[in-house]
Amino acid sequence: MAAAAARAALPRLNLTLPSSSVSLAASPVPGPRAAASVATSAAAPPQPLVTTRLGDVIEAQQFDRAALNEIFEVAREMEAVERGSHGAPSRVLEGYLMATLFYEPSTRTRLSFEAAMRRLGGEVLTTENAREFSSAAKGETLEDTIRTVEGYSDIIVLRHFESGAARRAADTANIPVINAGDGPGQHPTQALLDVYTIKREIGTLDGIKLGLVGDLANGRTVRSLAYLIAKYQNIKIYFVSPDVVKMKDDIKDYLNSRGVEWEESSNLLEVASQCDVIYQTRIQKERFGERIDLYEAARGKYIIDKKVLDVLPKHAVIMHPLPRLDEITVDVDSDPRAAYFRQAKNGLYIRMALLKLLLVGH
């Protein structure tokens with residue numbers, strides 16, 4: 001695409017520097033279909049619009065608090081854009097094409113990205129279950145797929161079954177890549193919407209107590225959230241999980257390096273009574289392979305129900321990245337502290353903000 005060629009000619013910022021130096025950088029950003037003007041810029045340098053623009057979105061650690069604040073500011077703007085989209089549709093991303101390349105199942109992530117792009121006036125190319133219904137089934141490498149798809153689009157949203165796949169894609173592509181989940185690795189846009197939800201629900205991010213519950217070994221959402229919430233001050237994290245899916249040492253080591261207090265507990269009721277946020281996750285059967293016995297041993301051990309609501313502080317909220325199975329009973333849904341569907345809606349605003357910042361800046 002012409003817009004992709006234009007962006008490839010510009011300096012790009014990948015936010016993967018140490019947290020003390022990561023920020024949104026000022027970069028000239030042309031509008032879509034602007035390759036001709038870029039090609040002639042050597043003869044007659046234009047006066048570009050200088051604005052803030054993101055690079056790739058690969059991992060939660062890449063963001064500092066300044067970057068997070070800007071993303072959240074734009075997300076608040078996107079709430080107003082979405083509310084007004086029926087009367088006066090946005091044209092912010094008119095002329096841009098987004099490719100969603102999903103090698104694993106998704107409902108909320110894929111649809112919210114596609115809705116975000118359309119709400120901003122852009123177009124979508126999509127492939128669902130790319131592991132079976134794309135040339136990957138014929139043995140094509142991820143790198144070759146990315147090189148092909150970038151020729152058709154201006155930005156790629158990738159979900160893959162292998163940890164590290166998003167980094168490989170970003171290293172290959174000349175257009176922005178967003179990690180929409182890479183196996184048991186990370187899910188940075190989920191972490192962004194989770195932190196945004198905590199801010200919107202609780203009113204602050206510093207000083208919160210967060211309980212992470214369920215499959216902490218395989219859950220990319222809790223891993224990314226732990227990385228991101230560590231940017232804030234006076235955080236305490238409780239890990240509540242069956243023994244077979246405890247949080248891995250790399251996350252604990254990272255939290256130690258950031259001075260974040262954490263504690264493992266087997267008592268969900270005790271933890272819930274002390275937390276501002278309980279973040280429940282499902283036990284991921286697909287990560288256990290043939291060890292169904294281990295899955296069955298872990299499933300159902302920690303369930304959020306009326307007993308948990310009875311001890312949960314009135315100001316606290318319950319979150320879940322969804323989908324859920326039986327780890328939150330349906331009678332919890334009517335409690336105002338059940339924030340998981342509001343959380344899912346916030347995913348639309350965060351992804352609208354990211355697409356705007358990646359493609360045209362702020």
# chains A, B, ... in the order shown; residues from 1 in each chain; ligands from 1
$ residues_around --residues "Lys236 (chain A)" --least-positions-apart "6" --cutoff "7 Å" --atoms "only C-alpha atoms" --output "list in words"
Ile208, Lys209, Leu210, Val260, Glu261 and Trp262 of chain A
$ residues_around --residues "Lys306 (chain A)" --least-positions-apart "3" --cutoff "7 Å" --atoms "only C-alpha atoms" --output "count of residues only"
3
$ closest_residue --among "A:Val74, A:Glu59, A:Gly219, A:Pro105" --to "Ala165 (chain A)" --atoms "only C-alpha atoms"
A:Glu59
$ residues_around --residues "Ala115 (chain A)" --least-positions-apart "4" --cutoff "9 Å" --atoms "only C-alpha atoms" --output "NGL selection string"
:A and (110-111 or 119-120 or 348 or 352)
$ residues_around --residues "region 158-164 of chain A" --least-positions-apart "3" --cutoff "12 Å" --atoms "only C-alpha atoms" --output "PyMOL selection string"
chain A and resi 56-59+98-107+109-110+113+126-131+136+142+145-146+149-150+155+167-171+173+176-189+218-220+286-287
$ atom_distance --atom1 "CA of Leu269 (chain A)" --atom2 "CA of Lys301 (chain A)"
12.4 Å
$ closest_residue --among "A:Ile350, A:Ala230, A:Val317, A:Val92" --to "Gly207 (chain A)" --atoms "only C-alpha atoms"
A:Ala230
